[in-house]
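start-v9.json follows (JSON, C-alpha atoms):
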[["chain", "number", "residue", "atom", "x", "y", "z"],
["U", 1, "MET", "CA", 90.41, 91.42, 43.10],
["U", 2, "LYS", "CA", 92.46, 93.83, 45.20],
["U", 3, "PRO", "CA", 96.04, 92.81, 46.08],
["U", 4, "LEU", "CA", 96.65, 91.99, 49.73],
["U", 5, "LYS", "CA", 98.71, 94.59, 51.56],
["U", 6, "ASN", "CA", 99.72, 92.37, 54.45],
["U", 7, "PRO", "CA", 102.06, 89.46, 53.53],
["U", 8, "ALA", "CA", 101.03, 87.53, 56.64],
["U", 9, "THR", "CA", 97.43, 87.56, 55.43],
["U", 10, "ALA", "CA", 98.52, 86.14, 52.06],
["U", 11, "VAL", "CA", 100.41, 83.33, 53.79],
["U", 12, "LEU", "CA", 97.45, 82.56, 56.05],
["U", 13, "ILE", "CA", 95.11, 82.40, 53.05],
["U", 14, "ALA", "CA", 97.53, 80.16, 51.14],
["U", 15, "LEU", "CA", 97.86, 77.76, 54.06],
["U", 16, "THR", "CA", 94.16, 77.55, 54.75],
["U", 17, "THR", "CA", 93.20, 77.02, 51.12],
["U", 18, "GLY", "CA", 95.54, 74.07, 50.63],
["U", 19, "LEU", "CA", 98.20, 75.98, 48.74],
["U", 20, "SER", "CA", 101.75, 75.57, 49.87],
["U", 21, "ALA", "CA", 105.20, 76.86, 49.12],
["U", 22, "PRO", "CA", 107.00, 74.99, 46.36],
["U", 23, "ALA", "CA", 108.90, 71.93, 47.54],
["U", 24, "PHE", "CA", 112.65, 72.22, 47.32],
["U", 25, "ALA", "CA", 114.51, 69.39, 45.63],
["U", 26, "LEU", "CA", 117.21, 67.75, 47.69],
["U", 27, "ASP", "CA", 120.75, 67.99, 46.33],
["U", 28, "GLY", "CA", 121.97, 64.42, 45.79],
["U", 29, "ALA", "CA", 125.58, 65.50, 45.25],
["U", 30, "ASP", "CA", 125.62, 67.38, 48.56],
["U", 31, "LEU", "CA", 123.91, 64.51, 50.38],
["U", 32, "TYR", "CA", 126.40, 62.02, 48.93],
["U", 33, "VAL", "CA", 129.17, 63.92, 50.72],
["U", 34, "ARG", "CA", 127.25, 64.87, 53.89],
["U", 35, "LYS", "CA", 125.98, 61.31, 54.46],
["U", 36, "ILE", "CA", 129.60, 60.09, 54.05],
["U", 37, "CYS", "CA", 128.97, 57.93, 50.97],
["U", 38, "SER", "CA", 132.10, 59.47, 49.44],
["U", 39, "SER", "CA", 134.25, 58.08, 52.26],
["U", 40, "CYS", "CA", 134.03, 54.55, 50.86],
["U", 41, "HIS", "CA", 132.73, 55.00, 47.31],
["U", 42, "GLY", "CA", 135.00, 57.92, 46.36],
["U", 43, "LYS", "CA", 134.24, 61.59, 45.87],
["U", 44, "ASP", "CA", 133.44, 60.96, 42.21],
["U", 45, "ALA", "CA", 131.56, 57.70, 42.96],
["U", 46, "LYS", "CA", 134.04, 55.99, 40.61],
["U", 47, "THR", "CA", 137.09, 55.47, 42.81],
["U", 48, "PRO", "CA", 136.10, 53.47, 45.90],
["U", 49, "LEU", "CA", 138.38, 53.27, 48.92],
["U", 50, "LEU", "CA", 138.77, 49.51, 48.45],
["U", 51, "PRO", "CA", 138.30, 47.40, 45.31],
["U", 52, "ILE", "CA", 135.52, 45.42, 47.01],
["U", 53, "TYR", "CA", 133.34, 48.54, 47.30],
["U", 54, "PRO", "CA", 131.17, 49.15, 44.24],
["U", 55, "LYS", "CA", 131.54, 52.02, 41.83],
["U", 56, "LEU", "CA", 128.25, 53.90, 41.99],
["U", 57, "ALA", "CA", 128.59, 56.45, 39.18],
["U", 58, "GLY", "CA", 126.05, 55.84, 36.43],
["U", 59, "GLN", "CA", 124.10, 53.29, 38.43],
["U", 60, "ASN", "CA", 120.43, 52.90, 37.55],
["U", 61, "PRO", "CA", 118.64, 55.22, 40.03],
["U", 62, "ASN", "CA", 115.87, 52.75, 40.86],
["U", 63, "TYR", "CA", 118.37, 49.95, 41.44],
["U", 64, "ALA", "CA", 120.57, 52.13, 43.67],
["U", 65, "TYR", "CA", 117.56, 53.37, 45.64],
["U", 66, "ASN", "CA", 116.22, 49.84, 46.15],
["U", 67, "GLN", "CA", 119.63, 48.60, 47.29],
["U", 68, "MET", "CA", 119.86, 51.41, 49.84],
["U", 69, "LYS", "CA", 116.32, 50.67, 51.07],
["U", 70, "ASP", "CA", 117.05, 46.94, 51.36],
["U", 71, "ILE", "CA", 120.23, 47.59, 53.30],
["U", 72, "ALA", "CA", 118.51, 50.06, 55.62],
["U", 73, "ARG", "CA", 115.70, 47.64, 56.49],
["U", 74, "GLY", "CA", 117.98, 44.60, 56.72],
["U", 75, "ALA", "CA", 116.59, 42.79, 53.67],
["U", 76, "ARG", "CA", 120.05, 42.74, 52.11],
["U", 77, "ALA", "CA", 122.81, 41.39, 54.33],
["U", 78, "ASN", "CA", 125.39, 40.11, 51.84],
["U", 79, "GLY", "CA", 128.71, 41.66, 50.86],
["U", 80, "GLN", "CA", 129.37, 44.98, 52.53],
["U", 81, "ALA", "CA", 125.73, 45.52, 53.50],
["U", 82, "ALA", "CA", 126.54, 45.04, 57.19],
["U", 83, "ALA", "CA", 128.95, 47.96, 57.10],
["U", 84, "MET", "CA", 126.42, 50.15, 55.30],
["U", 85, "LYS", "CA", 123.50, 49.27, 57.58],
["U", 86, "GLY", "CA", 125.02, 51.37, 60.35],
["U", 87, "ILE", "CA", 125.06, 54.38, 58.04],
["U", 88, "MET", "CA", 121.79, 53.93, 56.19],
["U", 89, "HIS", "CA", 119.64, 54.56, 59.26],
["U", 90, "LEU", "CA", 120.89, 58.15, 59.06],
["U", 91, "VAL", "CA", 119.53, 58.59, 55.53],
["U", 92, "SER", "CA", 115.83, 59.26, 54.91],
["U", 93, "ASP", "CA", 113.89, 57.76, 52.00],
["U", 94, "GLU", "CA", 113.84, 61.15, 50.28],
["U", 95, "GLU", "CA", 117.59, 61.52, 50.72],
["U", 96, "MET", "CA", 118.17, 58.00, 49.35],
["U", 97, "ARG", "CA", 116.11, 58.88, 46.29],
["U", 98, "ALA", "CA", 118.03, 62.14, 45.75],
["U", 99, "ILE", "CA", 121.39, 60.37, 46.05],
["U", 100, "ALA", "CA", 120.29, 57.57, 43.73],
["U", 101, "ASP", "CA", 118.98, 60.03, 41.14],
["U", 102, "TRP", "CA", 122.23, 62.00, 41.26],
["U", 103, "LEU", "CA", 124.34, 58.85, 40.89],
["U", 104, "GLY", "CA", 122.35, 58.04, 37.75],
["U", 105, "THR", "CA", 123.43, 61.31, 36.15],
["U", 106, "LEU", "CA", 127.15, 60.52, 36.44],
["U", 107, "ASP", "CA", 129.23, 58.99, 33.65]]

Encoding of this model in structure tokens:
Amino acid sequence: MKPLKNPATAVLIALTTGLSAPAFALDGADLYVRKICSSCHGKDAKTPLLPIYPKLAGQNPNYAYNQMKDIARGARANGQAAAMKGIMHLVSDEEMRAIADWLGTLD
């Protein structure tokens, strides 16, 4: 098979044959800061602004993700969930997963 000389042709072939560019993983650490989680939970996720806010470092990723989802959809309304609900609508499911996975990697 001869190599394609025109890069646009290669892209067109890839798109029409179901091939796609590799997906880029979201950076949970960056999202944690950009989505202002660090404002209340601390930059290191261990030193929250107030003692009533939970420490998130080392949290089980599935638990953290499910808590974020529940808060976003209003299924969890206890504790500080009301304060977080206003923020969680700005965070997509994929971003929640990336943040949760990153939190799970912390000590």

Near His41 in chain U, within 12 Å and counting all atoms listed in the file, which residues show up once chain neighbours fewer than 2 positions away are dropped, as an mmCIF file with C-alpha atoms, in the frame of the given file?
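Saved to result.cif:
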data_model
loop_
_atom_site.group_PDB
_atom_site.id
_atom_site.type_symbol
_atom_site.label_atom_id
_atom_site.label_comp_id
_atom_site.auth_asym_id
_atom_site.auth_seq_id
_atom_site.Cartn_x
_atom_site.Cartn_y
_atom_site.Cartn_z
ATOM 1 C CA TYR U 32 126.400 62.020 48.930
ATOM 2 C CA VAL U 33 129.170 63.920 50.720
ATOM 3 C CA LYS U 35 125.980 61.310 54.460
ATOM 4 C CA ILE U 36 129.600 60.090 54.050
ATOM 5 C CA CYS U 37 128.970 57.930 50.970
ATOM 6 C CA SER U 38 132.100 59.470 49.440
ATOM 7 C CA SER U 39 134.250 58.080 52.260
ATOM 8 C CA LYS U 43 134.240 61.590 45.870
ATOM 9 C CA ASP U 44 133.440 60.960 42.210
ATOM 10 C CA ALA U 45 131.560 57.700 42.960
ATOM 11 C CA LYS U 46 134.040 55.990 40.610
ATOM 12 C CA THR U 47 137.090 55.470 42.810
ATOM 13 C CA PRO U 48 136.100 53.470 45.900
ATOM 14 C CA LEU U 49 138.380 53.270 48.920
ATOM 15 C CA LEU U 50 138.770 49.510 48.450
ATOM 16 C CA PRO U 51 138.300 47.400 45.310
ATOM 17 C CA ILE U 52 135.520 45.420 47.010
ATOM 18 C CA TYR U 53 133.340 48.540 47.300
ATOM 19 C CA PRO U 54 131.170 49.150 44.240
ATOM 20 C CA LYS U 55 131.540 52.020 41.830
ATOM 21 C CA LEU U 56 128.250 53.900 41.990
ATOM 22 C CA ALA U 57 128.590 56.450 39.180
ATOM 23 C CA GLN U 80 129.370 44.980 52.530
ATOM 24 C CA MET U 84 126.420 50.150 55.300
ATOM 25 C CA LEU U 103 124.340 58.850 40.890
#

Spatial neighbours of Ala82 in chain U, 12 Å, all atoms listed in the file, chain gap at least 4 places, as a list in words: Met68, Asp70, Ile71, Ala72, Arg73, Gly74, Ala75, Arg76, Ala77, Asn78, Gly86, Ile87, Met88 and His89 of chain U

Between CA of Ala98 in chain U and CA of Asn60 in chain U, distance in Å (one decimal):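 Spanning CA of Ala98 in chain U to CA of Asn60 in chain U is a straight-line distance of 12.6 Å.
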
The centre and edge lengths of an axis-aligned box containing all atoms of range 21-37 of chain U present in the file, extended by 6 Å on each side, are to be given in Å to one decimal, as JSON.
{"center_x": 117.4, "center_y": 67.4, "center_z": 49.9, "size_x": 36.4, "size_y": 30.9, "size_z": 21.2}

Interatomic distance, CA of Cys40 in chain U to CA of Phe24 in chain U (Å, one decimal): 28.0 Å

From U:Ala81, U:Leu31, U:Leu106, U:Ala25, residue lying nearest Lys69 in chain U [only C-alpha atoms]: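 Ranked by minimum distance to Lys69 in chain U, first place goes to U:Ala81.
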
Atom pair CA of Thr105 in chain U / CA of Gly79 in chain U: separation (Å):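 For CA of Thr105 in chain U relative to CA of Gly79 in chain U, the distance reads 25.1 Å.
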
For Ala29 in chain U, the nearest of the candidates U:Lys85, U:Asn62, U:Ala100, U:Glu94, counting all atoms listed in the file: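 With all atoms listed in the file as the atom set, the closest residue is U:Ala100.
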
Distance criterion (only C-alpha atoms): nearest to Met96 in chain U out of U:Ala83, U:Arg34, U:Gly42, U:Ala64: U:Ala64

Restore N, CA and C atoms in range 76-96 of chain U and list the result as a PDB file, in the coordinates of the input.
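The resulting file, rebuild-v9.pdb, is reproduced below:
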ATOM      1  N   ARG U  76     118.820  43.131  52.795  1.00  0.00           N
ATOM      2  CA  ARG U  76     120.050  42.740  52.110  1.00  0.00           C
ATOM      3  C   ARG U  76     121.160  42.703  53.147  1.00  0.00           C
ATOM      4  N   ALA U  77     121.778  41.541  53.306  1.00  0.00           N
ATOM      5  CA  ALA U  77     122.810  41.390  54.330  1.00  0.00           C
ATOM      6  C   ALA U  77     124.082  40.766  53.763  1.00  0.00           C
ATOM      7  N   ASN U  78     124.201  40.704  52.440  1.00  0.00           N
ATOM      8  CA  ASN U  78     125.390  40.110  51.840  1.00  0.00           C
ATOM      9  C   ASN U  78     126.444  41.171  51.566  1.00  0.00           C
ATOM     10  N   GLY U  79     127.644  40.724  51.211  1.00  0.00           N
ATOM     11  CA  GLY U  79     128.710  41.660  50.860  1.00  0.00           C
ATOM     12  C   GLY U  79     128.988  42.658  51.962  1.00  0.00           C
ATOM     13  N   GLN U  80     129.056  43.910  51.584  1.00  0.00           N
ATOM     14  CA  GLN U  80     129.370  44.980  52.530  1.00  0.00           C
ATOM     15  C   GLN U  80     128.125  45.614  53.144  1.00  0.00           C
ATOM     16  N   ALA U  81     126.984  44.952  52.990  1.00  0.00           N
ATOM     17  CA  ALA U  81     125.730  45.520  53.500  1.00  0.00           C
ATOM     18  C   ALA U  81     125.778  45.747  55.011  1.00  0.00           C
ATOM     19  N   ALA U  82     126.460  44.876  55.730  1.00  0.00           N
ATOM     20  CA  ALA U  82     126.540  45.040  57.190  1.00  0.00           C
ATOM     21  C   ALA U  82     127.224  46.347  57.555  1.00  0.00           C
ATOM     22  N   ALA U  83     128.254  46.699  56.822  1.00  0.00           N
ATOM     23  CA  ALA U  83     128.950  47.960  57.100  1.00  0.00           C
ATOM     24  C   ALA U  83     128.059  49.153  56.771  1.00  0.00           C
ATOM     25  N   MET U  84     127.287  49.035  55.708  1.00  0.00           N
ATOM     26  CA  MET U  84     126.420  50.150  55.300  1.00  0.00           C
ATOM     27  C   MET U  84     125.187  50.290  56.178  1.00  0.00           C
ATOM     28  N   LYS U  85     124.727  49.212  56.770  1.00  0.00           N
ATOM     29  CA  LYS U  85     123.500  49.270  57.580  1.00  0.00           C
ATOM     30  C   LYS U  85     123.633  50.302  58.697  1.00  0.00           C
ATOM     31  N   GLY U  86     124.801  50.407  59.285  1.00  0.00           N
ATOM     32  CA  GLY U  86     125.020  51.370  60.350  1.00  0.00           C
ATOM     33  C   GLY U  86     124.935  52.821  59.887  1.00  0.00           C
ATOM     34  N   ILE U  87     125.118  53.031  58.609  1.00  0.00           N
ATOM     35  CA  ILE U  87     125.060  54.380  58.040  1.00  0.00           C
ATOM     36  C   ILE U  87     123.671  54.693  57.498  1.00  0.00           C
ATOM     37  N   MET U  88     123.042  53.693  56.896  1.00  0.00           N
ATOM     38  CA  MET U  88     121.790  53.930  56.190  1.00  0.00           C
ATOM     39  C   MET U  88     120.646  54.377  57.098  1.00  0.00           C
ATOM     40  N   HIS U  89     120.709  54.084  58.373  1.00  0.00           N
ATOM     41  CA  HIS U  89     119.640  54.560  59.260  1.00  0.00           C
ATOM     42  C   HIS U  89     119.671  56.078  59.423  1.00  0.00           C
ATOM     43  N   LEU U  90     120.767  56.697  58.989  1.00  0.00           N
ATOM     44  CA  LEU U  90     120.890  58.150  59.060  1.00  0.00           C
ATOM     45  C   LEU U  90     120.386  58.852  57.795  1.00  0.00           C
ATOM     46  N   VAL U  91     119.943  58.056  56.817  1.00  0.00           N
ATOM     47  CA  VAL U  91     119.530  58.590  55.530  1.00  0.00           C
ATOM     48  C   VAL U  91     118.038  58.340  55.332  1.00  0.00           C
ATOM     49  N   SER U  92     117.272  59.396  55.110  1.00  0.00           N
ATOM     50  CA  SER U  92     115.830  59.260  54.910  1.00  0.00           C
ATOM     51  C   SER U  92     115.531  58.708  53.519  1.00  0.00           C
ATOM     52  N   ASP U  93     114.305  58.248  53.315  1.00  0.00           N
ATOM     53  CA  ASP U  93     113.890  57.760  52.000  1.00  0.00           C
ATOM     54  C   ASP U  93     114.080  58.828  50.925  1.00  0.00           C
ATOM     55  N   GLU U  94     113.705  60.056  51.240  1.00  0.00           N
ATOM     56  CA  GLU U  94     113.840  61.150  50.280  1.00  0.00           C
ATOM     57  C   GLU U  94     115.302  61.412  49.941  1.00  0.00           C
ATOM     58  N   GLU U  95     116.157  61.316  50.950  1.00  0.00           N
ATOM     59  CA  GLU U  95     117.590  61.520  50.720  1.00  0.00           C
ATOM     60  C   GLU U  95     118.164  60.372  49.883  1.00  0.00           C
ATOM     61  N   MET U  96     117.723  59.145  50.155  1.00  0.00           N
ATOM     62  CA  MET U  96     118.170  58.000  49.350  1.00  0.00           C
ATOM     63  C   MET U  96     117.788  58.208  47.888  1.00  0.00           C
TER      64      MET U  96
END
